[in-house]
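Colleague: Once you've had a glance at the structure underneath, I'll fire off some questions.
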Amino acid sequence: MSAITLRRYTNLAATIHCLRNRCLTLLNPASWDDRNDAFFLAEYKRRTGAKTVLALCFAESSETYHHWRVFSPGSDGVCLEFDKDRLLEAVRRDNAIKQRKVCYREINDVCAGPVETQDLPYIKRYPYGDEQEFRLVFTHAEKEMEAHTLDIPLSCISRVTLSPWLPKPLEKSVKETIKQIDGCKTIKVFRSTLIENERWKKAANPDLDVKTG
């Protein structure tokens, strides 16, 4: 079964920019921590002769500790949850952007034969497989660019989840600030309980006074 949502792990500043401007920004992958991944995209750029190759990554998996810790560490982390069909409808309006699930392969498998040029931006090493990544790739043949903006409707954002490390005394103010952005009043905004969930703790201690809200 294909995923019906896509999660973008980012930070509060990028979230505010996205909501205020109704857009997503594809960036240069050259600085990515995964140097193998960055190299494959650089090789794709070299083979195609493109002046610009930019990318934006999403997760098709449910919320995980790995995603928070690696992609949105710290108290200003945010997970934007998108309705996949609505988001890809916006993507298809931009002819310069291609979209595809990432394929995770073992070294022996990749080295057994040549990697096709069109597959280069969507291949990662097998140990990254739990990320279940879905990727957007922008290419421009003639112009050098460091960023590309994809216009999106706010209706494709189904939920905003704040960092599990966000201090609870700050939660209310951050939620209110997001909802005050034009058009965002009805967007669902929650703080993740991944690292501390009252209902989970109650399973070990039924006498625990579970707090809600």
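All residue names refer to the structure tokens as shown: chains lettered A, B, ... in order, residues numbered from 1 in each chain, ligands numbered from 1 in order.
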Return as a Markdown table the residues of stretch 120-188 of chain A lying at most 6 Å from stretch 30-50 of chain A, together with the closest atom-to-atom pair for each and the distance in Å to one decimal, counting only C-alpha atoms, with rows in chain order and ascending residue number.

Modeller:
| residue | atom | partner | partner_atom | distance |
| --- | --- | --- | --- | --- |
| A:Leu120 | CA | A:Phe40 | CA | 5.5 |
| A:Pro121 | CA | A:Leu41 | CA | 5.1 |
| A:His140 | CA | A:Ala50 | CA | 5.9 |
| A:Ala141 | CA | A:Ala50 | CA | 4.2 |

Colleague: DSSP on the backbone, helix (DSSP H, G or I) only: what residues of stretch 55-154 of chain A does that give? Format it as a PyMOL selection string.

Modeller: chain A and resi 65-71+84-91+107-111+117-122+126-131+154

Colleague: Which neighbours of A:Ser75 fall inside 9 Å, counting only C-alpha atoms, when residues of the same chain fewer than 5 positions from it are skipped, and could you give them as an NGL selection string?

Modeller: :A and (11 or 162-167)

Colleague: Since we have the selection now, will you write its residues out, keeping all heavy atoms, as a PDB file, in the first residue's frame?

Modeller:
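Saved as again.pdb:
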ATOM      1  N   ASN A  11      12.958  22.741  10.419  1.00  0.00           N
ATOM      2  CA  ASN A  11      13.031  23.547  11.633  1.00  0.00           C
ATOM      3  C   ASN A  11      11.948  24.625  11.636  1.00  0.00           C
ATOM      4  O   ASN A  11      11.215  24.782  10.658  1.00  0.00           O
ATOM      5  CB  ASN A  11      14.424  24.161  11.813  1.00  0.00           C
ATOM      6  CG  ASN A  11      14.824  25.011  10.608  1.00  0.00           C
ATOM      7  OD1 ASN A  11      14.026  25.782  10.080  1.00  0.00           O
ATOM      8  ND2 ASN A  11      16.068  24.862  10.167  1.00  0.00           N
ATOM      9  N   LEU A 162       5.365  19.726  16.403  1.00  0.00           N
ATOM     10  CA  LEU A 162       6.509  20.402  16.994  1.00  0.00           C
ATOM     11  C   LEU A 162       7.429  19.398  17.677  1.00  0.00           C
ATOM     12  O   LEU A 162       7.031  18.292  18.031  1.00  0.00           O
ATOM     13  CB  LEU A 162       6.020  21.446  18.012  1.00  0.00           C
ATOM     14  CG  LEU A 162       5.002  22.468  17.466  1.00  0.00           C
ATOM     15  CD1 LEU A 162       4.532  23.378  18.595  1.00  0.00           C
ATOM     16  CD2 LEU A 162       5.594  23.269  16.317  1.00  0.00           C
ATOM     17  N   SER A 163       8.648  19.804  17.886  1.00  0.00           N
ATOM     18  CA  SER A 163       9.689  18.930  18.419  1.00  0.00           C
ATOM     19  C   SER A 163       9.323  18.313  19.772  1.00  0.00           C
ATOM     20  O   SER A 163       8.768  18.990  20.641  1.00  0.00           O
ATOM     21  CB  SER A 163      10.985  19.722  18.577  1.00  0.00           C
ATOM     22  OG  SER A 163      11.960  18.966  19.272  1.00  0.00           O
ATOM     23  N   PRO A 164       9.664  17.046  19.965  1.00  0.00           N
ATOM     24  CA  PRO A 164       9.454  16.437  21.287  1.00  0.00           C
ATOM     25  C   PRO A 164      10.363  17.057  22.346  1.00  0.00           C
ATOM     26  O   PRO A 164      10.134  16.868  23.541  1.00  0.00           O
ATOM     27  CB  PRO A 164       9.788  14.954  21.048  1.00  0.00           C
ATOM     28  CG  PRO A 164      10.694  14.950  19.858  1.00  0.00           C
ATOM     29  CD  PRO A 164      10.223  16.079  18.997  1.00  0.00           C
ATOM     30  N   TRP A 165      11.394  17.801  21.913  1.00  0.00           N
ATOM     31  CA  TRP A 165      12.305  18.475  22.847  1.00  0.00           C
ATOM     32  C   TRP A 165      11.917  19.937  23.091  1.00  0.00           C
ATOM     33  O   TRP A 165      12.616  20.644  23.810  1.00  0.00           O
ATOM     34  CB  TRP A 165      13.745  18.391  22.330  1.00  0.00           C
ATOM     35  CG  TRP A 165      14.228  16.983  22.259  1.00  0.00           C
ATOM     36  CD1 TRP A 165      14.600  16.175  23.295  1.00  0.00           C
ATOM     37  CD2 TRP A 165      14.368  16.193  21.071  1.00  0.00           C
ATOM     38  NE1 TRP A 165      14.969  14.932  22.835  1.00  0.00           N
ATOM     39  CE2 TRP A 165      14.837  14.911  21.468  1.00  0.00           C
ATOM     40  CE3 TRP A 165      14.153  16.419  19.722  1.00  0.00           C
ATOM     41  CZ2 TRP A 165      15.087  13.884  20.555  1.00  0.00           C
ATOM     42  CZ3 TRP A 165      14.404  15.408  18.809  1.00  0.00           C
ATOM     43  CH2 TRP A 165      14.865  14.153  19.230  1.00  0.00           C
ATOM     44  N   LEU A 166      10.810  20.382  22.487  1.00  0.00           N
ATOM     45  CA  LEU A 166      10.341  21.736  22.742  1.00  0.00           C
ATOM     46  C   LEU A 166       9.890  21.834  24.200  1.00  0.00           C
ATOM     47  O   LEU A 166       9.015  21.068  24.627  1.00  0.00           O
ATOM     48  CB  LEU A 166       9.172  22.072  21.818  1.00  0.00           C
ATOM     49  CG  LEU A 166       8.506  23.430  22.037  1.00  0.00           C
ATOM     50  CD1 LEU A 166       9.443  24.560  21.620  1.00  0.00           C
ATOM     51  CD2 LEU A 166       7.193  23.520  21.267  1.00  0.00           C
ATOM     52  N   PRO A 167      10.448  22.748  24.982  1.00  0.00           N
ATOM     53  CA  PRO A 167      10.020  22.880  26.384  1.00  0.00           C
ATOM     54  C   PRO A 167       8.516  23.141  26.478  1.00  0.00           C
ATOM     55  O   PRO A 167       7.977  23.977  25.755  1.00  0.00           O
ATOM     56  CB  PRO A 167      10.833  24.080  26.888  1.00  0.00           C
ATOM     57  CG  PRO A 167      12.055  24.100  26.010  1.00  0.00           C
ATOM     58  CD  PRO A 167      11.569  23.659  24.651  1.00  0.00           C
TER      59      PRO A 167
END

Colleague: Skipping near chain neighbours, those fewer than 3 positions away, what residues fall within 8 Å of stretch 90-96 of chain A using only C-alpha atoms, listed as a list in words?

Modeller: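 Once the nearby chain positions are removed, what remains is Arg86, Leu87, Gln99, Phe138, Thr139, His140, Leu150, Asp151, Ile152 and Pro153 of chain A.
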
Colleague: As a PyMOL selection string, please: the residues near A:Ile195 (cut-off 12 Å, only C-alpha atoms, same-chain neighbours under 2 positions excluded).

Modeller: chain A and resi 63-66+68-69+163-166+191-193+197-201

Colleague: What residues in stretch 104-145 of chain A get the DSSP label strand (DSSP E)? Please answer as a list of chain:residue names.

Modeller: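 So the strand (DSSP E) residues in stretch 104-145 of chain A would be A:Tyr104, A:Arg105, A:Ile123, A:Lys124, A:Arg125, A:Glu133, A:Phe134, A:Arg135, A:Leu136, A:Val137, A:Phe138, A:Thr139, A:His140.
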
Colleague: What is the atom CA of A:Glu176 to atom CA of A:Arg22 distance in Å?

Modeller: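 Separation between atom CA of A:Glu176 and atom CA of A:Arg22: 18.4 Å.
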
Colleague: For A:Thr5, which of A:Asp119, A:Glu144, A:Glu133, A:Asp76 is the closest residue, counting only C-alpha atoms?

Modeller: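 With only C-alpha atoms as the atom set, the closest residue is A:Glu133.
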
Colleague: Work out how far atom CA of A:Pro73 is from atom CA of A:Ile16, in Å to one decimal.

Modeller: 17.1 Å

Colleague: Near stretch 100-102 of chain A, within 8 Å and counting only C-alpha atoms, which residues show up once chain neighbours fewer than 2 positions away are dropped, as an MDAnalysis selection string?

Modeller: chainID A and resid 98 104 122:124 132:136

Colleague: Go ahead and write the residues just picked, N, CA and C atoms, as a PDB file, in the first residue's frame.

Modeller:
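Now in again_9.pdb:
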ATOM      1  N   LYS A  98      11.084  16.471 -10.886  1.00  0.00           N
ATOM      2  CA  LYS A  98      10.718  15.063 -10.977  1.00  0.00           C
ATOM      3  C   LYS A  98      10.569  14.520  -9.558  1.00  0.00           C
ATOM      4  N   TYR A 104      16.806   1.652  -2.025  1.00  0.00           N
ATOM      5  CA  TYR A 104      17.939   1.352  -1.150  1.00  0.00           C
ATOM      6  C   TYR A 104      18.598   0.051  -1.605  1.00  0.00           C
ATOM      7  N   TYR A 122      18.052   8.830  -7.036  1.00  0.00           N
ATOM      8  CA  TYR A 122      17.071   8.112  -6.215  1.00  0.00           C
ATOM      9  C   TYR A 122      17.629   6.800  -5.661  1.00  0.00           C
ATOM     10  N   ILE A 123      18.947   6.719  -5.506  1.00  0.00           N
ATOM     11  CA  ILE A 123      19.571   5.518  -4.950  1.00  0.00           C
ATOM     12  C   ILE A 123      20.370   5.884  -3.708  1.00  0.00           C
ATOM     13  N   LYS A 124      20.146   5.129  -2.623  1.00  0.00           N
ATOM     14  CA  LYS A 124      20.925   5.291  -1.404  1.00  0.00           C
ATOM     15  C   LYS A 124      21.367   3.911  -0.916  1.00  0.00           C
ATOM     16  N   GLN A 132      12.702   5.400   4.400  1.00  0.00           N
ATOM     17  CA  GLN A 132      11.591   5.349   3.443  1.00  0.00           C
ATOM     18  C   GLN A 132      11.417   6.710   2.758  1.00  0.00           C
ATOM     19  N   GLU A 133      12.474   7.152   2.127  1.00  0.00           N
ATOM     20  CA  GLU A 133      12.506   8.510   1.580  1.00  0.00           C
ATOM     21  C   GLU A 133      11.781   8.634   0.242  1.00  0.00           C
ATOM     22  N   PHE A 134      11.151   9.769   0.079  1.00  0.00           N
ATOM     23  CA  PHE A 134      10.533  10.174  -1.184  1.00  0.00           C
ATOM     24  C   PHE A 134      11.164  11.505  -1.551  1.00  0.00           C
ATOM     25  N   ARG A 135      11.602  11.640  -2.800  1.00  0.00           N
ATOM     26  CA  ARG A 135      12.451  12.791  -3.155  1.00  0.00           C
ATOM     27  C   ARG A 135      11.940  13.562  -4.358  1.00  0.00           C
ATOM     28  N   LEU A 136      12.070  14.886  -4.261  1.00  0.00           N
ATOM     29  CA  LEU A 136      11.828  15.777  -5.385  1.00  0.00           C
ATOM     30  C   LEU A 136      13.180  16.255  -5.909  1.00  0.00           C
TER      31      LEU A 136
END

Colleague: Have a look at atom CA of A:Thr15 and atom CA of A:Leu170 and let me know their distance in Å, one decimal.

Modeller: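 These atoms are spaced 16.6 Å apart.
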
Colleague: Set the distance at 10 Å and use only C-alpha atoms: which residues neighbour A:Ile178 once local chain neighbours fewer than 6 positions away are removed? I'd like the list as a list in words.

Modeller: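 Neighbouring residues, sequence-local ones excluded: Leu12, Thr15, Ile16, Leu19, Arg20, Val160, Cys184, Lys185, Ile187, Lys188 and Val189 of chain A.
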
Colleague: Could the residues in this selection be written to a file with N, CA and C atoms, as a PDB file, in the first residue's frame?

Modeller:
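Output contents, as saved in out29.pdb:
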ATOM      1  N   LEU A  12      11.845  25.350  12.721  1.00  0.00           N
ATOM      2  CA  LEU A  12      10.761  26.313  12.882  1.00  0.00           C
ATOM      3  C   LEU A  12      10.859  27.459  11.873  1.00  0.00           C
ATOM      4  N   THR A  15       9.655  26.302   8.583  1.00  0.00           N
ATOM      5  CA  THR A  15       8.208  26.080   8.659  1.00  0.00           C
ATOM      6  C   THR A  15       7.441  27.383   8.500  1.00  0.00           C
ATOM      7  N   ILE A  16       7.873  28.411   9.202  1.00  0.00           N
ATOM      8  CA  ILE A  16       7.218  29.714   9.097  1.00  0.00           C
ATOM      9  C   ILE A  16       7.320  30.253   7.674  1.00  0.00           C
ATOM     10  N   LEU A  19       4.809  28.307   5.495  1.00  0.00           N
ATOM     11  CA  LEU A  19       3.418  28.651   5.741  1.00  0.00           C
ATOM     12  C   LEU A  19       3.081  30.073   5.288  1.00  0.00           C
ATOM     13  N   ARG A  20       3.984  31.001   5.535  1.00  0.00           N
ATOM     14  CA  ARG A  20       3.726  32.396   5.155  1.00  0.00           C
ATOM     15  C   ARG A  20       3.728  32.574   3.637  1.00  0.00           C
ATOM     16  N   VAL A 160       1.018  19.925  11.561  1.00  0.00           N
ATOM     17  CA  VAL A 160       2.333  20.437  11.947  1.00  0.00           C
ATOM     18  C   VAL A 160       2.652  19.867  13.328  1.00  0.00           C
ATOM     19  N   CYS A 184      -3.721  29.856   8.353  1.00  0.00           N
ATOM     20  CA  CYS A 184      -3.274  28.699   9.137  1.00  0.00           C
ATOM     21  C   CYS A 184      -4.082  28.452  10.407  1.00  0.00           C
ATOM     22  N   LYS A 185      -5.160  29.180  10.584  1.00  0.00           N
ATOM     23  CA  LYS A 185      -5.935  29.076  11.815  1.00  0.00           C
ATOM     24  C   LYS A 185      -6.442  27.669  12.076  1.00  0.00           C
ATOM     25  N   ILE A 187      -5.136  24.797  10.771  1.00  0.00           N
ATOM     26  CA  ILE A 187      -4.131  23.744  10.653  1.00  0.00           C
ATOM     27  C   ILE A 187      -3.895  23.098  12.021  1.00  0.00           C
ATOM     28  N   LYS A 188      -3.845  21.784  12.054  1.00  0.00           N
ATOM     29  CA  LYS A 188      -3.607  21.058  13.296  1.00  0.00           C
ATOM     30  C   LYS A 188      -2.136  21.200  13.699  1.00  0.00           C
ATOM     31  N   VAL A 189      -1.909  21.656  14.917  1.00  0.00           N
ATOM     32  CA  VAL A 189      -0.551  21.827  15.430  1.00  0.00           C
ATOM     33  C   VAL A 189      -0.437  21.096  16.760  1.00  0.00           C
TER      34      VAL A 189
END

Colleague: Considering only C-alpha atoms, can you say which of A:Thr52, A:Asn21, A:Thr10, A:Thr117 comes closest to A:Asp182?

Modeller: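 Comparing A:Thr52, A:Asn21, A:Thr10, A:Thr117 against A:Asp182, the winner is A:Asn21.
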
Colleague: Point out the residue among A:Arg7, A:Thr25, A:Glu106, A:Ile97 with the least atom-to-atom distance to A:His67, counting only C-alpha atoms.

Modeller: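 Under the stated criterion, the closest residue is A:Arg7.
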